[in-house]
file structure.txt (compact mmCIF, C-alpha atoms)
# COMPACT_ATOMS: atom_id res chain seq x y z
CA MET A 14 89.24 114.18 245.56
CA ASN A 15 92.56 112.61 246.56
CA ASP A 16 93.47 111.66 250.11
CA LEU A 17 96.17 114.34 250.44
CA MET A 18 93.86 117.30 250.69
CA PRO A 19 91.00 118.05 253.06
CA PRO A 20 87.56 118.83 251.65
CA PRO A 21 87.39 122.20 249.82
CA SER A 22 85.48 123.77 252.73
CA ALA A 23 88.37 123.11 255.16
CA SER A 24 90.74 125.98 255.75
CA LEU A 25 94.49 125.43 255.66
CA GLU A 26 95.91 128.55 257.28
CA GLU A 27 99.67 128.70 257.41
CA ALA A 28 102.38 131.23 257.99
CA LEU A 29 103.12 132.98 254.68
CA PRO A 30 106.92 132.67 255.06
CA ASP A 31 106.61 128.89 255.42
CA VAL A 32 104.50 128.63 252.28
CA LEU A 33 106.87 130.84 250.31
CA MET A 34 109.93 128.85 251.37
CA ARG A 35 108.30 125.65 250.11
CA LEU A 36 107.67 127.46 246.83
CA VAL A 37 111.36 128.45 246.72
CA THR A 38 112.33 124.80 247.11
CA GLU A 39 110.00 123.80 244.28
CA LEU A 40 111.45 126.48 242.00
CA HIS A 41 114.97 125.22 242.69
CA ASP A 42 113.77 121.70 241.83
CA VAL A 43 112.30 122.97 238.55
CA ALA A 44 115.58 124.69 237.66
CA TYR A 45 117.46 121.46 238.35
CA LEU A 46 115.09 119.41 236.19
CA ILE A 47 115.33 121.88 233.32
CA GLU A 48 119.11 121.95 233.60
CA ARG A 49 119.24 118.17 233.20
CA ILE A 50 117.64 118.46 229.75
CA GLU A 51 120.59 120.19 228.08
CA PRO A 52 123.12 117.33 228.09
CA GLN A 53 120.39 114.90 227.07
CA LEU A 54 119.58 116.99 223.99
CA LEU A 55 123.21 117.08 222.97
CA GLU A 56 123.52 113.33 223.46
CA ILE A 57 120.39 112.62 221.43
CA GLY A 58 121.41 114.95 218.61
CA GLY A 59 124.99 113.74 218.40
CA PRO A 60 128.10 115.86 217.79
CA GLU A 61 126.76 117.57 214.67
CA ALA A 62 123.60 118.80 216.47
CA GLY A 63 125.73 120.93 218.80
CA MET A 64 126.84 123.02 215.86
CA SER A 65 123.47 123.92 214.40
CA ALA A 66 121.98 127.37 214.98
CA GLU A 67 118.67 125.84 216.06
CA THR A 68 120.35 123.68 218.72
CA ILE A 69 122.24 126.68 220.06
CA LYS A 70 118.96 128.66 220.32
CA ILE A 71 117.33 125.78 222.19
CA ILE A 72 120.25 125.45 224.60
CA GLN A 73 120.24 129.21 225.19
CA GLY A 74 116.50 128.97 225.92
CA ILE A 75 117.13 126.18 228.42
CA ASP A 76 119.84 128.24 230.11
CA LEU A 77 117.52 131.25 230.26
CA ALA A 78 114.71 129.14 231.77
CA VAL A 79 117.11 127.87 234.47
CA GLN A 80 118.38 131.38 235.24
CA LYS A 81 114.86 132.82 235.41
CA THR A 82 113.61 129.99 237.63
CA ARG A 83 116.55 130.39 240.02
CA GLY A 84 116.13 134.17 239.92
CA LEU A 85 112.47 133.86 240.93
CA ALA A 86 113.43 131.49 243.74
CA GLU A 87 116.08 133.90 245.05
CA PHE A 88 113.69 136.86 244.78
CA ILE A 89 110.98 135.06 246.77
CA ASP A 90 113.57 133.78 249.28
CA THR A 91 114.89 137.31 249.85
CA ILE A 92 111.54 139.01 250.31
CA THR A 93 110.34 136.18 252.53
CA ALA A 94 112.99 137.13 255.09
CA SER A 95 111.17 140.42 255.69
CA ILE A 96 107.67 138.93 256.09
CA PRO A 97 106.52 138.47 259.69
CA GLN A 98 105.94 134.85 260.69
CA GLU A 99 102.52 135.90 262.03
CA TRP A 100 101.17 136.65 258.55
CA MET A 101 98.81 133.81 257.74
CA VAL A 102 97.32 132.69 254.43
CA ASP A 103 94.75 130.07 253.52
CA VAL A 104 96.38 127.76 250.96
CA SER A 105 93.50 125.29 250.56
CA THR A 106 92.20 126.67 247.24
CA ALA A 107 95.68 127.13 245.79
CA LEU A 108 96.66 123.57 246.74
CA SER A 109 93.50 122.16 245.21
CA LEU A 110 94.56 123.66 241.85
CA VAL A 111 97.97 121.93 241.85
CA LYS A 112 97.55 118.81 239.70
CA LEU A 113 100.79 116.95 240.48
CA ALA A 114 100.21 114.96 243.68
CA ASP A 115 103.88 115.03 244.72
CA MET A 116 104.05 118.80 244.26
CA GLN A 117 100.75 119.23 246.09
CA LYS A 118 102.17 117.25 248.99
CA ALA A 119 105.46 119.20 249.00
CA LEU A 120 103.62 122.53 249.01
CA GLY A 121 101.17 121.33 251.68
CA LYS A 122 101.35 122.00 255.39
CA GLY A 123 104.24 120.67 257.39
CA LEU A 124 106.74 120.05 254.56
CA ARG A 125 108.69 123.31 254.66
CA HIS A 126 111.58 122.12 252.51
CA GLY A 127 110.19 118.98 250.91
CA HIS A 128 111.09 118.23 247.30
CA SER A 129 108.33 117.14 244.97
CA GLN A 130 110.69 115.54 242.47
CA PRO A 131 112.89 112.59 243.40
CA LEU A 132 116.19 114.31 242.61
CA SER A 133 118.11 111.08 242.96
CA LYS A 134 116.58 109.48 239.86
CA VAL A 135 119.17 108.35 237.38
CA ALA A 136 119.15 108.89 233.65
CA GLY A 137 116.75 106.53 231.99
CA ASP A 138 114.22 106.53 234.84
CA PHE A 139 110.71 107.52 233.83
CA ASP A 140 107.19 107.54 235.17
CA PHE A 141 104.11 106.28 233.31
CA PHE A 142 101.18 108.67 233.22
call {"tool": "encode", "arguments": {"input": "structure.txt", "output": "structure tokens"}}
result
Amino acid sequence: MNDLMPPPSASLEEALPDVLMRLVTELHDVAYLIERIEPQLLEIGGPEAGMSAETIKIIQGIDLAVQKTRGLAEFIDTITASIPQEWMVDVSTALSLVKLADMQKALGKGLRHGHSQPLSKVAGDFDFF
């Protein structure tokens, strides 16, 4: 068990709108990360790769993934506005299933609009697993 999360028996009750807004932030981060892939693919493949039918399908798939991710974020953001702040949920089990520590921390209590990905990383940065 990592040091971010309390023992599984501990309850982490939070206001549902707060939890959903952190999820919205994470979805926007995912869309941003996916969007950054497209120019990298074109750079790796060179000028001739941009003309192939397969490359165009891949780029269209990337664009669709970004649009869907942002659409989900906007949907959740919009319905969250109508949810009373008094509605509480226990997020302890859900958080224990999130495997990325940074995402787990961003979705955890008290980080309403925290980003799990360091959005300021420059091209060429990478993490070892």
call {"tool": "closest_residue", "arguments": {"input": "structure.txt", "among": "A:Ile69, A:Gln53, A:Leu36, A:Lys81", "to": "Leu108 of chain A", "atoms": "all atoms listed in the file"}}
result
A:Leu36
call {"tool": "residues_near_point", "arguments": {"input": "structure.txt", "point": "(119.5, 117.6, 230.3)", "cutoff": "12 Å", "atoms": "only C-alpha atoms", "output": "MDAnalysis selection string"}}
result
chainID A and resid 44:57 71:72 75:76 79 135:137
call {"tool": "atom_distance", "arguments": {"input": "structure.txt", "atom1": "atom CA of Ala78 of chain A", "atom2": "atom CA of Thr106 of chain A"}}
result
27.4 Å
call {"tool": "atom_distance", "arguments": {"input": "structure.txt", "atom1": "atom CA of Leu120 of chain A", "atom2": "atom CA of Val104 of chain A"}}
result
9.1 Å
call {"tool": "atom_distance", "arguments": {"input": "structure.txt", "atom1": "atom CA of Asp103 of chain A", "atom2": "atom CA of Leu25 of chain A"}}
result
5.1 Å
call {"tool": "closest_residue", "arguments": {"input": "structure.txt", "among": "A:Arg35, A:Leu29, A:Glu67, A:Ser24", "to": "Met116 of chain A", "atoms": "all atoms listed in the file"}}
result
A:Arg35
call {"tool": "closest_residue", "arguments": {"input": "structure.txt", "among": "A:Val102, A:Ala94, A:Ile89, A:Met64", "to": "Glu27 of chain A", "atoms": "all atoms listed in the file"}}
result
A:Val102
call {"tool": "residues_around", "arguments": {"input": "structure.txt", "residues": "Glu99 of chain A", "least_positions_apart": "4", "cutoff": "12 Å", "atoms": "all atoms listed in the file", "output": "ChimeraX atom specification"}}
result
/A:26-31,95
call {"tool": "decode", "arguments": {"input": "structure.txt", "residues": "segment 82-95 of chain A", "atoms": "N, CA, C and O atoms", "output": "CSV table (one decimal), in the first residue's frame"}}
result
chain,number,residue,atom,x,y,z
A,82,THR,N,-12.7,12.8,-25.6
A,82,THR,CA,-12.2,13.0,-24.2
A,82,THR,C,-12.7,14.4,-23.7
A,82,THR,O,-13.2,14.6,-22.6
A,83,ARG,N,-12.6,15.4,-24.6
A,83,ARG,CA,-13.1,16.8,-24.2
A,83,ARG,C,-14.6,16.8,-24.1
A,83,ARG,O,-15.1,17.5,-23.3
A,84,GLY,N,-15.3,16.1,-25.0
A,84,GLY,CA,-16.7,16.0,-24.9
A,84,GLY,C,-17.2,15.4,-23.6
A,84,GLY,O,-18.1,15.9,-23.0
A,85,LEU,N,-16.5,14.3,-23.1
A,85,LEU,CA,-16.8,13.7,-21.9
A,85,LEU,C,-16.6,14.7,-20.7
A,85,LEU,O,-17.4,14.8,-19.8
A,86,ALA,N,-15.5,15.4,-20.8
A,86,ALA,CA,-15.2,16.4,-19.7
A,86,ALA,C,-16.2,17.5,-19.7
A,86,ALA,O,-16.7,17.8,-18.6
A,87,GLU,N,-16.7,18.0,-20.8
A,87,GLU,CA,-17.7,19.0,-20.9
A,87,GLU,C,-19.0,18.5,-20.4
A,87,GLU,O,-19.8,19.2,-19.7
A,88,PHE,N,-19.4,17.2,-20.7
A,88,PHE,CA,-20.6,16.6,-20.3
A,88,PHE,C,-20.6,16.5,-18.8
A,88,PHE,O,-21.6,16.9,-18.1
A,89,ILE,N,-19.6,16.0,-18.2
A,89,ILE,CA,-19.5,15.8,-16.7
A,89,ILE,C,-19.5,17.2,-16.1
A,89,ILE,O,-20.2,17.4,-15.0
A,90,ASP,N,-18.8,18.2,-16.6
A,90,ASP,CA,-18.7,19.5,-16.1
A,90,ASP,C,-20.1,20.1,-16.0
A,90,ASP,O,-20.5,20.7,-15.0
A,91,THR,N,-20.9,20.0,-17.1
A,91,THR,CA,-22.2,20.5,-17.2
A,91,THR,C,-23.2,19.9,-16.2
A,91,THR,O,-23.9,20.6,-15.5
A,92,ILE,N,-23.2,18.6,-16.1
A,92,ILE,CA,-24.1,18.0,-15.2
A,92,ILE,C,-23.7,18.2,-13.8
A,92,ILE,O,-24.6,18.2,-12.9
A,93,THR,N,-22.4,18.4,-13.5
A,93,THR,CA,-22.0,18.6,-12.2
A,93,THR,C,-22.6,19.9,-11.6
A,93,THR,O,-22.8,20.0,-10.4
A,94,ALA,N,-22.8,20.9,-12.5
A,94,ALA,CA,-23.4,22.2,-12.0
A,94,ALA,C,-24.8,22.0,-11.4
A,94,ALA,O,-25.2,22.8,-10.5
A,95,SER,N,-25.5,20.9,-11.7
A,95,SER,CA,-26.8,20.7,-11.2
A,95,SER,C,-26.8,19.8,-10.0
A,95,SER,O,-27.9,19.5,-9.4
